[in-house]
Every structure is written in C-alpha cells, then in structure tokens.
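The structure file data_34.cif is reproduced below (mmCIF, C-alpha atoms).
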data_target
#
loop_
_atom_site.label_atom_id
_atom_site.label_comp_id
_atom_site.auth_asym_id
_atom_site.auth_seq_id
_atom_site.Cartn_x
_atom_site.Cartn_y
_atom_site.Cartn_z
CA MET A 1 177.37 100.52 49.59
CA ARG A 2 174.18 98.44 49.72
CA ARG A 3 171.34 99.84 51.79
CA ILE A 4 170.08 96.84 53.74
CA ILE A 5 167.55 97.19 56.53
CA THR A 6 166.70 94.21 58.73
CA ILE A 7 163.68 94.27 60.99
CA GLY A 8 163.27 92.08 64.05
CA ARG A 9 159.81 92.46 65.49
CA GLU A 10 157.65 91.40 68.38
CA PHE A 11 154.45 89.67 67.32
CA GLY A 12 151.72 92.31 67.10
CA SER A 13 154.07 95.30 67.12
CA GLY A 14 153.44 96.33 63.51
CA GLY A 15 157.03 95.62 62.50
CA ARG A 16 155.99 93.91 59.29
CA GLU A 17 153.81 96.85 58.18
CA LEU A 18 156.59 99.24 59.13
CA GLY A 19 159.09 97.30 57.04
CA ARG A 20 156.79 97.15 54.04
CA ARG A 21 156.08 100.86 54.18
CA ILE A 22 159.76 101.79 54.56
CA ALA A 23 160.58 99.68 51.50
CA GLU A 24 157.75 101.36 49.55
CA LYS A 25 158.97 104.82 50.52
CA LEU A 26 162.57 104.02 49.60
CA GLU A 27 161.46 102.09 46.52
CA ILE A 28 163.62 99.12 47.41
CA ALA A 29 162.89 95.39 47.62
CA TYR A 30 160.91 93.99 50.53
CA TYR A 31 161.32 90.40 51.69
CA ASP A 32 159.17 88.62 54.19
CA GLN A 33 157.01 85.67 53.09
CA GLU A 34 159.14 85.59 49.93
CA ILE A 35 161.89 83.90 51.94
CA ILE A 36 159.56 81.11 53.04
CA ARG A 37 158.24 80.66 49.51
CA GLU A 38 161.77 80.40 48.16
CA ILE A 39 162.87 77.85 50.78
CA ALA A 40 159.75 75.80 50.13
CA LYS A 41 160.45 75.86 46.40
CA ARG A 42 164.07 74.79 46.77
CA SER A 43 163.49 72.16 49.44
CA GLU A 44 160.18 70.76 48.22
CA LEU A 45 158.65 71.28 51.65
CA THR A 46 155.29 73.01 52.08
CA GLU A 47 155.36 76.72 52.91
CA GLN A 48 153.38 75.98 56.06
CA TYR A 49 155.98 73.51 57.27
CA VAL A 50 158.88 75.84 56.51
CA GLU A 51 157.14 78.66 58.35
CA GLN A 52 156.56 76.43 61.35
CA VAL A 53 160.25 75.50 61.45
CA MET A 54 161.34 79.13 61.05
CA GLU A 55 159.05 80.30 63.82
CA GLY A 56 160.94 77.99 66.16
CA GLY A 57 158.36 75.25 66.34
CA HIS A 58 160.91 72.50 65.77
CA ILE A 59 163.82 73.57 67.88
CA SER A 60 164.98 70.87 70.23
CA LEU A 61 168.54 70.51 71.36
CA PRO A 62 170.19 67.47 69.81
CA PRO A 63 171.23 64.73 72.24
CA ILE A 64 174.97 65.00 72.75
CA THR A 65 176.08 62.79 75.60
CA ILE A 66 174.47 59.87 77.37
CA GLY A 67 176.43 58.83 80.43
CA HIS A 68 180.06 59.37 79.54
CA SER A 69 179.84 58.25 75.95
CA PHE A 70 179.22 60.32 72.88
CA TYR A 71 176.34 59.14 70.73
CA PRO A 72 175.79 61.14 67.55
CA VAL A 73 172.13 60.11 67.40
CA LYS A 74 170.44 61.30 64.23
CA ASP A 75 167.35 63.38 64.86
CA PRO A 76 165.39 63.92 61.64
CA VAL A 77 163.44 66.91 63.03
CA PHE A 78 166.64 68.61 64.12
CA GLU A 79 168.33 67.88 60.81
CA MET A 80 165.37 69.31 58.91
CA SER A 81 165.53 72.45 61.02
CA GLN A 82 169.27 72.78 60.31
CA SER A 83 168.68 72.34 56.62
CA VAL A 84 165.94 75.00 56.58
CA TYR A 85 168.26 77.40 58.40
CA GLN A 86 171.03 76.79 55.85
CA GLN A 87 168.61 77.47 53.00
CA GLN A 88 167.37 80.56 54.80
CA SER A 89 170.94 81.87 55.18
CA SER A 90 171.79 81.33 51.52
CA ILE A 91 168.57 82.91 50.27
CA ILE A 92 168.87 85.95 52.54
CA LYS A 93 172.47 86.49 51.42
CA GLU A 94 171.41 86.19 47.77
CA MET A 95 168.73 88.81 48.37
CA ALA A 96 171.23 91.17 49.99
CA GLU A 97 173.63 90.68 47.06
CA ARG A 98 170.91 91.40 44.53
CA SER A 99 169.81 94.93 45.55
CA ASP A 100 169.00 97.31 48.39
CA CYS A 101 166.27 95.75 50.52
CA VAL A 102 164.25 95.51 53.70
CA ILE A 103 164.16 92.03 55.25
CA VAL A 104 161.67 91.24 58.00
CA GLY A 105 162.54 88.64 60.64
CA ARG A 106 164.35 85.36 59.84
CA SER A 107 167.46 86.30 61.90
CA ALA A 108 168.54 88.44 58.93
CA ASP A 109 170.34 90.92 61.21
CA TYR A 110 172.69 88.10 62.23
CA ILE A 111 172.90 86.28 58.91
CA LEU A 112 173.86 89.54 57.16
CA LYS A 113 176.22 90.88 59.81
CA ASP A 114 179.11 91.09 57.33
CA TYR A 115 176.96 93.36 55.15
CA HIS A 116 176.57 95.84 58.03
CA PRO A 117 172.81 96.25 57.67
CA CYS A 118 170.83 98.83 59.61
CA ARG A 119 169.30 96.58 62.26
CA LEU A 120 165.89 97.63 63.56
CA PHE A 121 163.91 95.99 66.32
CA VAL A 122 160.24 96.88 66.56
CA TYR A 123 158.24 96.44 69.76
CA ALA A 124 155.18 97.82 71.51
CA ASP A 125 153.32 97.85 74.81
CA MET A 126 151.33 94.65 75.38
CA ASP A 127 147.94 96.43 75.21
CA ASP A 128 148.75 97.77 71.78
CA ARG A 129 149.99 94.42 70.59
CA ILE A 130 146.75 92.81 71.75
CA ALA A 131 144.72 95.52 69.97
CA ARG A 132 146.68 95.07 66.75
CA CYS A 133 146.33 91.28 66.82
CA ARG A 134 142.59 91.61 67.45
CA GLU A 135 142.29 93.93 64.46
CA LYS A 136 144.09 91.45 62.21
CA ALA A 137 142.46 88.29 63.58
CA PRO A 138 140.14 86.25 61.37
CA GLU A 139 136.46 87.00 61.94
CA ASN A 140 135.75 83.62 63.47
CA GLU A 141 138.47 83.95 66.11
CA HIS A 142 137.09 85.00 69.47
CA LEU A 143 139.95 85.11 71.95
CA SER A 144 139.80 86.94 75.27
CA ASP A 145 142.53 89.50 76.03
CA LYS A 146 144.18 86.93 78.27
CA GLU A 147 144.19 84.28 75.54
CA MET A 148 145.45 86.81 73.00
CA LYS A 149 148.28 87.79 75.36
CA GLN A 150 149.24 84.14 75.83
CA GLN A 151 149.26 83.65 72.07
CA ILE A 152 151.54 86.67 71.61
CA GLN A 153 153.88 85.45 74.32
CA ARG A 154 153.98 81.98 72.76
CA VAL A 155 154.95 83.31 69.34
CA ASN A 156 157.59 85.60 70.83
CA SER A 157 159.09 82.80 72.93
CA ARG A 158 159.38 80.62 69.84
CA ARG A 159 161.04 83.45 67.90
CA ALA A 160 163.43 84.07 70.79
CA ARG A 161 164.30 80.38 71.02
CA TYR A 162 164.96 80.06 67.29
CA TYR A 163 167.06 83.23 67.25
CA LYS A 164 169.06 82.16 70.29
CA PHE A 165 169.65 78.70 68.88
CA TYR A 166 171.08 79.88 65.57
CA THR A 167 172.74 83.15 66.54
CA GLY A 168 173.73 82.60 70.18
CA GLN A 169 172.35 86.07 70.84
CA THR A 170 169.34 87.23 72.81
CA TRP A 171 166.39 88.18 70.63
CA GLY A 172 165.26 91.75 71.29
CA ASP A 173 168.37 92.65 73.33
CA LYS A 174 169.01 96.21 72.19
CA LEU A 175 172.77 95.64 71.91
CA ASN A 176 172.12 93.52 68.80
CA TYR A 177 170.31 96.36 67.01
CA ASP A 178 171.03 99.89 65.83
CA LEU A 179 167.56 101.24 66.54
CA CYS A 180 164.75 99.87 68.70
CA ILE A 181 161.38 101.42 67.99
CA ASN A 182 158.33 101.37 70.23
CA THR A 183 155.30 101.67 67.95
CA SER A 184 152.89 102.39 70.84
CA GLY A 185 151.23 105.73 70.34
CA THR A 186 152.55 106.10 66.80
CA VAL A 187 150.95 105.86 63.38
CA ILE A 188 152.99 103.26 61.47
CA LYS A 189 152.56 105.08 58.17
CA GLU A 190 153.99 108.33 59.59
CA LEU A 191 156.74 106.47 61.41
CA ALA A 192 157.74 104.76 58.15
CA SER A 193 157.95 108.12 56.36
CA MET A 194 160.16 109.55 59.06
CA LEU A 195 162.43 106.53 59.15
CA ALA A 196 162.69 106.41 55.36
CA LYS A 197 163.95 110.01 55.48
CA MET A 198 166.56 108.93 58.04
CA PHE A 199 167.83 106.15 55.77
CA MET B 200 151.37 120.34 72.63
CA ARG B 201 154.82 120.76 74.17
CA ARG B 202 157.69 119.05 72.42
CA ILE B 203 159.63 117.41 75.23
CA ILE B 204 162.44 114.98 74.56
CA THR B 205 164.01 113.02 77.41
CA ILE B 206 167.29 111.20 76.96
CA GLY B 207 168.44 108.31 79.11
CA ARG B 208 171.98 107.34 78.25
CA GLU B 209 174.65 104.84 79.04
CA PHE B 210 177.88 106.37 80.27
CA GLY B 211 180.16 106.88 77.27
CA SER B 212 177.44 106.43 74.66
CA GLY B 213 177.40 110.06 73.49
CA GLY B 214 173.82 110.60 74.70
CA ARG B 215 174.64 113.98 76.18
CA GLU B 216 176.20 115.27 72.96
CA LEU B 217 173.29 113.86 70.99
CA GLY B 218 170.79 115.66 73.24
CA ARG B 219 172.65 118.96 73.01
CA ARG B 220 172.85 118.79 69.24
CA ILE B 221 169.18 117.86 68.85
CA ALA B 222 168.22 120.85 71.02
CA GLU B 223 170.47 123.12 68.94
CA LYS B 224 168.94 121.86 65.70
CA LEU B 225 165.39 122.30 66.99
CA GLU B 226 166.31 125.59 68.70
CA ILE B 227 164.74 124.50 71.95
CA ALA B 228 166.00 124.52 75.55
CA TYR B 229 168.56 121.95 76.69
CA TYR B 230 168.81 120.87 80.32
CA ASP B 231 171.53 118.75 81.81
CA GLN B 232 173.91 120.24 84.39
CA GLU B 233 171.38 123.08 84.76
CA ILE B 234 169.21 120.76 86.86
CA ILE B 235 172.04 120.09 89.29
CA ARG B 236 172.90 123.79 89.49
CA GLU B 237 169.29 124.65 90.24
CA ILE B 238 168.94 121.99 92.96
CA ALA B 239 172.19 123.14 94.52
CA LYS B 240 170.98 126.74 94.53
CA ARG B 241 167.62 125.90 96.11
CA SER B 242 168.95 123.39 98.66
CA GLU B 243 172.21 125.14 99.57
CA LEU B 244 174.12 121.93 98.86
CA THR B 245 177.22 121.91 96.68
CA GLU B 246 176.77 120.95 93.03
CA GLN B 247 179.25 118.15 93.53
CA TYR B 248 177.23 116.66 96.36
CA VAL B 249 173.95 116.94 94.45
CA GLU B 250 175.51 115.26 91.43
CA GLN B 251 176.83 112.45 93.60
CA VAL B 252 173.36 111.87 95.07
CA MET B 253 171.73 112.00 91.63
CA GLU B 254 174.20 109.53 90.18
CA GLY B 255 173.01 107.03 92.76
CA GLY B 256 175.97 107.30 95.10
CA HIS B 257 173.76 107.61 98.17
CA ILE B 258 171.06 105.07 97.55
CA SER B 259 170.64 102.65 100.40
CA LEU B 260 167.34 101.05 101.20
CA PRO B 261 165.91 102.44 104.43
CA PRO B 262 165.63 99.93 107.27
CA ILE B 263 162.00 98.89 107.51
CA THR B 264 161.62 95.90 109.80
CA ILE B 265 163.83 94.42 112.45
CA GLY B 266 162.45 91.13 113.73
CA HIS B 267 158.71 91.55 113.70
CA SER B 268 158.61 95.16 114.82
CA PHE B 269 158.52 98.28 112.70
CA TYR B 270 161.21 100.80 113.47
CA PRO B 271 161.01 103.99 111.44
CA VAL B 272 164.72 104.68 111.95
CA LYS B 273 165.74 108.03 110.53
CA ASP B 274 168.59 107.85 108.07
CA PRO B 275 169.96 111.32 107.24
CA VAL B 276 171.66 110.14 104.02
CA PHE B 277 168.44 108.55 102.81
CA GLU B 278 166.42 111.63 103.73
CA MET B 279 168.85 113.88 101.85
CA SER B 280 168.54 111.67 98.82
CA GLN B 281 164.74 111.82 99.02
CA SER B 282 164.84 115.58 99.33
CA VAL B 283 167.15 115.92 96.30
CA TYR B 284 164.80 113.71 94.28
CA GLN B 285 161.81 115.87 95.23
CA GLN B 286 163.68 119.01 94.18
CA GLN B 287 164.72 117.30 90.97
CA SER B 288 161.10 116.38 90.19
CA SER B 289 159.81 119.91 90.79
CA ILE B 290 162.56 121.54 88.75
CA ILE B 291 162.17 119.15 85.82
CA LYS B 292 158.41 119.74 85.78
CA GLU B 293 158.95 123.51 85.88
CA MET B 294 161.32 123.19 82.91
CA ALA B 295 158.77 121.16 80.95
CA GLU B 296 156.07 123.74 81.73
CA ARG B 297 158.27 126.59 80.58
CA SER B 298 158.99 125.62 76.97
CA ASP B 299 159.86 122.84 74.52
CA CYS B 300 163.05 121.18 75.72
CA VAL B 301 165.53 118.31 75.71
CA ILE B 302 166.32 116.90 79.17
CA VAL B 303 169.26 114.55 79.62
CA GLY B 304 169.15 111.91 82.37
CA ARG B 305 167.71 112.56 85.85
CA SER B 306 164.84 110.06 85.40
CA ALA B 307 163.06 112.77 83.38
CA ASP B 308 161.26 110.18 81.23
CA TYR B 309 159.50 108.93 84.37
CA ILE B 310 159.06 112.27 86.15
CA LEU B 311 157.43 113.76 83.05
CA LYS B 312 155.31 110.76 82.09
CA ASP B 313 152.08 112.81 82.26
CA TYR B 314 153.57 115.18 79.69
CA HIS B 315 154.03 112.29 77.22
CA PRO B 316 157.60 113.15 76.26
CA CYS B 317 159.45 111.43 73.46
CA ARG B 318 161.64 109.09 75.50
CA LEU B 319 165.02 108.24 73.99
CA PHE B 320 167.58 105.83 75.37
CA VAL B 321 171.09 106.07 73.97
CA TYR B 322 173.57 103.20 74.17
CA ALA B 323 176.64 101.85 72.39
CA ASP B 324 178.91 98.83 72.16
CA MET B 325 181.41 98.66 75.03
CA ASP B 326 184.46 99.23 72.80
CA ASP B 327 182.98 102.47 71.52
CA ARG B 328 182.06 103.60 75.01
CA ILE B 329 185.62 102.96 76.14
CA ALA B 330 186.98 104.89 73.15
CA ARG B 331 184.65 107.83 73.83
CA CYS B 332 185.55 107.95 77.53
CA ARG B 333 189.24 107.84 76.68
CA GLU B 334 188.79 110.76 74.29
CA LYS B 335 187.07 112.83 76.97
CA ALA B 336 189.30 111.80 79.89
CA PRO B 337 191.55 114.38 81.54
CA GLU B 338 195.13 114.31 80.29
CA ASN B 339 196.52 113.00 83.56
CA GLU B 340 194.18 110.00 83.64
CA HIS B 341 195.86 106.82 82.47
CA LEU B 342 193.39 103.97 82.80
CA SER B 343 193.74 100.65 81.01
CA ASP B 344 190.83 99.43 78.90
CA LYS B 345 189.88 97.06 81.70
CA GLU B 346 189.86 99.87 84.28
CA MET B 347 187.90 102.09 81.90
CA LYS B 348 185.35 99.34 81.39
CA GLN B 349 184.98 98.87 85.13
CA GLN B 350 184.49 102.62 85.57
CA ILE B 351 181.77 102.64 82.90
CA GLN B 352 180.03 99.68 84.48
CA ARG B 353 180.19 101.32 87.91
CA VAL B 354 178.57 104.54 86.67
CA ASN B 355 175.88 102.61 84.81
CA SER B 356 175.10 100.42 87.83
CA ARG B 357 174.66 103.52 89.97
CA ARG B 358 172.38 105.10 87.38
CA ALA B 359 170.36 101.89 87.15
CA ARG B 360 170.06 101.66 90.93
CA TYR B 361 168.93 105.27 91.30
CA TYR B 362 166.42 104.92 88.46
CA LYS B 363 165.03 101.65 89.86
CA PHE B 364 164.75 103.10 93.33
CA TYR B 365 162.71 106.13 92.33
CA THR B 366 160.76 104.82 89.34
CA GLY B 367 160.37 101.11 90.09
CA GLN B 368 161.35 100.54 86.46
CA THR B 369 164.42 98.95 84.91
CA TRP B 370 166.85 101.49 83.52
CA GLY B 371 167.56 100.88 79.84
CA ASP B 372 164.67 98.39 79.42
CA LYS B 373 163.39 99.30 75.97
CA LEU B 374 159.76 99.08 77.07
CA ASN B 375 160.24 102.32 79.02
CA TYR B 376 161.36 104.24 75.93
CA ASP B 377 160.00 105.19 72.53
CA LEU B 378 163.29 104.91 70.72
CA CYS B 379 166.56 103.22 71.71
CA ILE B 380 169.54 104.33 69.68
CA ASN B 381 172.85 102.55 69.32
CA THR B 382 175.46 105.22 68.55
CA SER B 383 178.14 102.68 67.54
CA GLY B 384 179.22 103.28 63.99
CA THR B 385 177.38 106.59 63.75
CA VAL B 386 178.50 110.21 63.71
CA ILE B 387 176.58 111.90 66.55
CA LYS B 388 176.29 115.17 64.64
CA GLU B 389 174.63 113.45 61.66
CA LEU B 390 172.46 111.33 63.91
CA ALA B 391 171.25 114.48 65.69
CA SER B 392 170.32 116.12 62.37
CA MET B 393 168.33 113.07 61.31
CA LEU B 394 166.55 112.77 64.62
CA ALA B 395 165.78 116.50 64.73
CA LYS B 396 164.05 116.08 61.37
CA MET B 397 162.01 113.23 62.82
CA PHE B 398 160.83 115.39 65.71
#
Starting from the coordinates I provided, produce the structure as structure tokens.
Amino acid sequence: MRRIITIGREFGSGGRELGRRIAEKLEIAYYDQEIIREIAKRSELTEQYVEQVMEGGHISLPPITIGHSFYPVKDPVFEMSQSVYQQQSSIIKEMAERSDCVIVGRSADYILKDYHPCRLFVYADMDDRIARCREKAPENEHLSDKEMKQQIQRVNSRRARYYKFYTGQTWGDKLNYDLCINTSGTVIKELASMLAKMF
Amino acid sequence: MRRIITIGREFGSGGRELGRRIAEKLEIAYYDQEIIREIAKRSELTEQYVEQVMEGGHISLPPITIGHSFYPVKDPVFEMSQSVYQQQSSIIKEMAERSDCVIVGRSADYILKDYHPCRLFVYADMDDRIARCREKAPENEHLSDKEMKQQIQRVNSRRARYYKFYTGQTWGDKLNYDLCINTSGTVIKELASMLAKMF
C-alpha cells in the first residue's frame, strides 16, 4: 500500500520544514510549491495568482437566491476558484498515484481520503509562530509582534475558510487528522527523524 | 531530566491502554487508578466516591453573589471536591518527583506543567469509541449504539467540566498538548511501541 503523508499546518508552525525533512528521511517525494507550479502550467495562470486563490484569497459564496427566485448568476472569480480547486484535486491524486509522498497543505488530507493517507496537522504556540515568522521574514520587513500576530491570524483564517469551503470540515479540528503535533519546544529536525521512524 | 508523560483521553479512545503499554515498553511507572486509591487512603473516602468526584460528578459553581451582596455560603459538596483536587495535585506531584512515569487523566498535564511533561491527548472517531466500549462492557449490559454514544458523551462532558473548572483550559484543545493521537484505524499495541521509541 502507498505511503502517503498529508500535512496541514498553521502558518509559522514549521509544518512545511517538518514535511520536507520527513520526506528526505523516508526518501520519498515531497510536494508543496510543486502543486502550484503544476496548476499554473496547466491553467496558464501565474503561480502568484494560483497561490492567492489556494490560500483562500478568492473565496466568496456564490449568490444563490434573490427574493424567492433562483438566479444562477455567473461569478468569474468564483468560477476561477472552482477551476483551480478541480486542477488541484486532479494533480494531487496524480501525485498520490505516482509514488509514496508527503504533501503539504492544499486540502490533500481531504482530497486523498480514499487513499487513507496518514493525516498530520502541525501547530505551535503563538509566541513560537511569531518567532519563526520573524526568522524567515525578509530583511526589509519590520513588523511588531502585534502586526506579526495579525498577519499569522489572517493567513490561518484564509486557510480555514478555503478548507471549510471545499471540504465542509473544520480546518485544524483534530478529528480530521491522525496526529496533531505541537512543534513548540521541539527541534523540527529531531521531530522529523522520530516521525520518520514511526512511518 | 525526568521523563514524564501525561495522557488525556476521550472515553473509549484506548488512551488508558496506550498509556499502560507505553509505560511497559519504557519500563517506567504507570499511574491511573493508583491516584484514586491513594486519595481514598489519605482522605478516608471510598474509592468510588473519589472517582465520582474526579470524573466531574460533583462540580457545581459555588454561589458567589446574590443581589449586590457577597455571601460566602459554604457548600459541603464543593468543599469536598476542592479537597479531593488538592489531594490529587499533591499525590501527582509526589509521583512525578519519585521517578519517570506515565500518568493517565486527572488533569496531570496541568498539575505538572512546571515539570514540562510530554502531554498526549488520545481520541478516536465515535464509531470506534462505541466499538471499544462495547468490547469492554460487562456481559449484562445491553446498550444500543445510541445509548452507548450518549454514555460516552456524558463521561466526556464531565471530564471537560472538571478540567475546565480546575485548569481554566479547554479539555482536548490541541494547544494544551504536545501530541494529539487519533487511535482510529490503529492497533494500540503497535502505536505504543512506536511512541515509546519516540520518547
């Protein structure tokens, strides 16, 4: 049976690094930005635009009823978002068919539910998320802790909204995962080694 | 540094078995019913009564204000519950001082926070919890799935209420734990071996 590991992660929790290191340890494929690149290639959209859509930036509920009548009003932004999600689903399934892999984000836990992946969710205390984001921030970015916290919360809300919209499930709710890992107080590299042994 | 593992667990999730097996694998002490026995011995209450109190059966908020006046009304049930919690805290701390150990339930993750334990929370899908409870039920118990589910929810609500009352935290909220483990689809024995290796 395929060994497929999906990783949902809070912004700033180190979930991406954890995923990459687990894949390295297990010597299996690792997919993250690759998914965006592939969608962009197939759809002829820019990677930046695809990423924005996939991070929930374009989710708006389509208008369904006005008064008592039903108006199937076409909403190009909504349709684009739907199309990106369909591409995302196909590509993620292709990846899972191809070989063992680790897939970070992109609702892969839900999209691949028939493949019974090991579903991880990675989170951390807010202080540690702020510290990690500060470490990774570009040199010319000078946000206060408060601003950094707001940024983190904004990204997470968008991820939650996107996930909810396409899966109907609550992002980060432990019932949707097999293992939820708090990276606070851990060294990601060591954690990855331990988890790789588990898999 | 002491190796202390605390295990919060949903009723029917197999958390107790997981804790016992991890302790066996690591050859360290395992505390569960021992805490109740010790409180009963020190307080001259029956084990059954202590267990009932610790499972949240006696939590009622003390009356604080009536109108605009402050009446420190004595409530013997509340005072007993407070006294049991104090005993519980002392005993759990003594256990942690004594040797490496696994402690199941009893708000140990919170009581021992200064000891920086590895805090596990064990949960499972409802169907699996029902199946596990049915397996462990006495022969003369004939509950329907619906009744079993209600029983599970009742126990969990009491645990959540007790935990909230004494810790101010939300029971089962992943932020209070280092690792949350879904036992659905796993074999507890194998899971325990893998986790023991991690520790």
I'd like to see the residues matched by the PyMOL selection byres ((chain B) within 6 of (chain A)) on this file, and ideally I'd get them as a ChimeraX atom specification.
/B:377-381,393,397
Output file for the selection above: C-alpha atoms, as a compact mmCIF listing (two decimals), keeping the file's coordinate frame:
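Final file, result.txt:
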# COMPACT_ATOMS: atom_id res chain seq x y z
CA ASP B 377 160.00 105.19 72.53
CA LEU B 378 163.29 104.91 70.72
CA CYS B 379 166.56 103.22 71.71
CA ILE B 380 169.54 104.33 69.68
CA ASN B 381 172.85 102.55 69.32
CA MET B 393 168.33 113.07 61.31
CA MET B 397 162.01 113.23 62.82
Just so the selection is clear, what residues does the PyMOL selection byres ((chain B and resi 356) around 12) cover here, as a PDB file with C-alpha atoms, in the frame of the given file?
ATOM      1  CA  GLU B 209     174.650 104.840  79.040  1.00  0.00           C
ATOM      2  CA  PHE B 210     177.880 106.370  80.270  1.00  0.00           C
ATOM      3  CA  GLU B 254     174.200 109.530  90.180  1.00  0.00           C
ATOM      4  CA  GLY B 255     173.010 107.030  92.760  1.00  0.00           C
ATOM      5  CA  GLY B 256     175.970 107.300  95.100  1.00  0.00           C
ATOM      6  CA  ILE B 258     171.060 105.070  97.550  1.00  0.00           C
ATOM      7  CA  GLN B 349     184.980  98.870  85.130  1.00  0.00           C
ATOM      8  CA  GLN B 350     184.490 102.620  85.570  1.00  0.00           C
ATOM      9  CA  ILE B 351     181.770 102.640  82.900  1.00  0.00           C
ATOM     10  CA  GLN B 352     180.030  99.680  84.480  1.00  0.00           C
ATOM     11  CA  ARG B 353     180.190 101.320  87.910  1.00  0.00           C
ATOM     12  CA  VAL B 354     178.570 104.540  86.670  1.00  0.00           C
ATOM     13  CA  ASN B 355     175.880 102.610  84.810  1.00  0.00           C
ATOM     14  CA  ARG B 357     174.660 103.520  89.970  1.00  0.00           C
ATOM     15  CA  ARG B 358     172.380 105.100  87.380  1.00  0.00           C
ATOM     16  CA  ALA B 359     170.360 101.890  87.150  1.00  0.00           C
ATOM     17  CA  ARG B 360     170.060 101.660  90.930  1.00  0.00           C
ATOM     18  CA  TYR B 361     168.930 105.270  91.300  1.00  0.00           C
ATOM     19  CA  TYR B 362     166.420 104.920  88.460  1.00  0.00           C
ATOM     20  CA  LYS B 363     165.030 101.650  89.860  1.00  0.00           C
ATOM     21  CA  THR B 369     164.420  98.950  84.910  1.00  0.00           C
ATOM     22  CA  TRP B 370     166.850 101.490  83.520  1.00  0.00           C
ATOM     23  CA  GLY B 371     167.560 100.880  79.840  1.00  0.00           C
TER      24      GLY B 371
END
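Comparing the minimum interatomic distances between Leu112 of chain A and each of A:Gln48, A:Gln88, A:Lys93, A:Glu27, counting all atoms listed in the file, we find that A:Lys93 sits nearest.
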So that I can check the surroundings of Asp127 of chain A, please list as a PyMOL selection string every protein, DNA and RNA residue that reaches within 10 Å of it, counting only C-alpha atoms and ignoring chain neighbours fewer than 5 positions away.
chain A and resi 12+132-133+145+149+184
For those residues, write C-alpha atoms to a file as a short mmCIF file (atom, residue, chain, number, x, y, z; two decimals), in the coordinates of the input.
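So out26.cif came out as:
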data_model
loop_
_atom_site.label_atom_id
_atom_site.label_comp_id
_atom_site.auth_asym_id
_atom_site.auth_seq_id
_atom_site.Cartn_x
_atom_site.Cartn_y
_atom_site.Cartn_z
CA GLY A 12 151.72 92.31 67.10
CA ARG A 132 146.68 95.07 66.75
CA CYS A 133 146.33 91.28 66.82
CA ASP A 145 142.53 89.50 76.03
CA LYS A 149 148.28 87.79 75.36
CA SER A 184 152.89 102.39 70.84
#
Please identify all polymer residues within 12 Å of segment 293-302 of chain B, counting all atoms listed in the file, omitting same-chain residues fewer than 3 positions from it, and present them as a PyMOL selection string.
chain B and resi 200-208+214-234+237+286-290+305-320+395+398
What is the distance between atom CA of Glu44 of chain A and atom CA of Val84 of chain A, in Å to one decimal?
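Going from atom CA of Glu44 of chain A over to atom CA of Val84 of chain A, I get 11.0 Å.
With atom CA of Ile329 of chain B on one side and atom CA of Glu246 of chain B on the other, the separation reads 26.2 Å.
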Fix up segment 150-162 of chain A with N, CA, C and O atoms, then write it as an mmCIF file, in the frame of the given file.
data_model
loop_
_atom_site.group_PDB
_atom_site.id
_atom_site.type_symbol
_atom_site.label_atom_id
_atom_site.label_comp_id
_atom_site.auth_asym_id
_atom_site.auth_seq_id
_atom_site.Cartn_x
_atom_site.Cartn_y
_atom_site.Cartn_z
ATOM 1 N N GLN A 150 148.501 85.410 75.767
ATOM 2 C CA GLN A 150 149.240 84.140 75.830
ATOM 3 C C GLN A 150 149.736 83.738 74.431
ATOM 4 O O GLN A 150 150.850 83.262 74.270
ATOM 5 N N GLN A 151 148.883 83.977 73.446
ATOM 6 C CA GLN A 151 149.260 83.650 72.070
ATOM 7 C C GLN A 151 150.482 84.476 71.638
ATOM 8 O O GLN A 151 151.442 83.960 71.067
ATOM 9 N N ILE A 152 150.421 85.773 71.950
ATOM 10 C CA ILE A 152 151.540 86.670 71.610
ATOM 11 C C ILE A 152 152.824 86.199 72.289
ATOM 12 O O ILE A 152 153.884 86.117 71.670
ATOM 13 N N GLN A 153 152.701 85.882 73.567
ATOM 14 C CA GLN A 153 153.880 85.450 74.320
ATOM 15 C C GLN A 153 154.449 84.144 73.764
ATOM 16 O O GLN A 153 155.660 83.958 73.708
ATOM 17 N N ARG A 154 153.555 83.259 73.336
ATOM 18 C CA ARG A 154 153.980 81.980 72.760
ATOM 19 C C ARG A 154 154.785 82.202 71.482
ATOM 20 O O ARG A 154 155.870 81.649 71.314
ATOM 21 N N VAL A 155 154.250 83.040 70.607
ATOM 22 C CA VAL A 155 154.950 83.310 69.340
ATOM 23 C C VAL A 155 156.307 83.945 69.617
ATOM 24 O O VAL A 155 157.336 83.544 69.065
ATOM 25 N N ASN A 156 156.320 84.925 70.522
ATOM 26 C CA ASN A 156 157.590 85.600 70.830
ATOM 27 C C ASN A 156 158.611 84.639 71.450
ATOM 28 O O ASN A 156 159.794 84.727 71.138
ATOM 29 N N SER A 157 158.140 83.751 72.322
ATOM 30 C CA SER A 157 159.090 82.800 72.930
ATOM 31 C C SER A 157 159.690 81.912 71.851
ATOM 32 O O SER A 157 160.881 81.597 71.886
ATOM 33 N N ARG A 158 158.855 81.486 70.906
ATOM 34 C CA ARG A 158 159.380 80.620 69.840
ATOM 35 C C ARG A 158 160.399 81.377 68.999
ATOM 36 O O ARG A 158 161.450 80.862 68.667
ATOM 37 N N ARG A 159 160.087 82.643 68.684
ATOM 38 C CA ARG A 159 161.040 83.450 67.900
ATOM 39 C C ARG A 159 162.351 83.603 68.649
ATOM 40 O O ARG A 159 163.436 83.505 68.104
ATOM 41 N N ALA A 160 162.230 83.862 69.959
ATOM 42 C CA ALA A 160 163.430 84.070 70.790
ATOM 43 C C ALA A 160 164.276 82.800 70.817
ATOM 44 O O ALA A 160 165.501 82.862 70.735
ATOM 45 N N ARG A 161 163.596 81.652 70.926
ATOM 46 C CA ARG A 161 164.300 80.380 71.020
ATOM 47 C C ARG A 161 165.042 80.080 69.718
ATOM 48 O O ARG A 161 166.197 79.679 69.716
ATOM 49 N N TYR A 162 164.359 80.290 68.612
ATOM 50 C CA TYR A 162 164.960 80.060 67.290
ATOM 51 C C TYR A 162 166.171 80.958 67.088
ATOM 52 O O TYR A 162 167.239 80.525 66.673
#
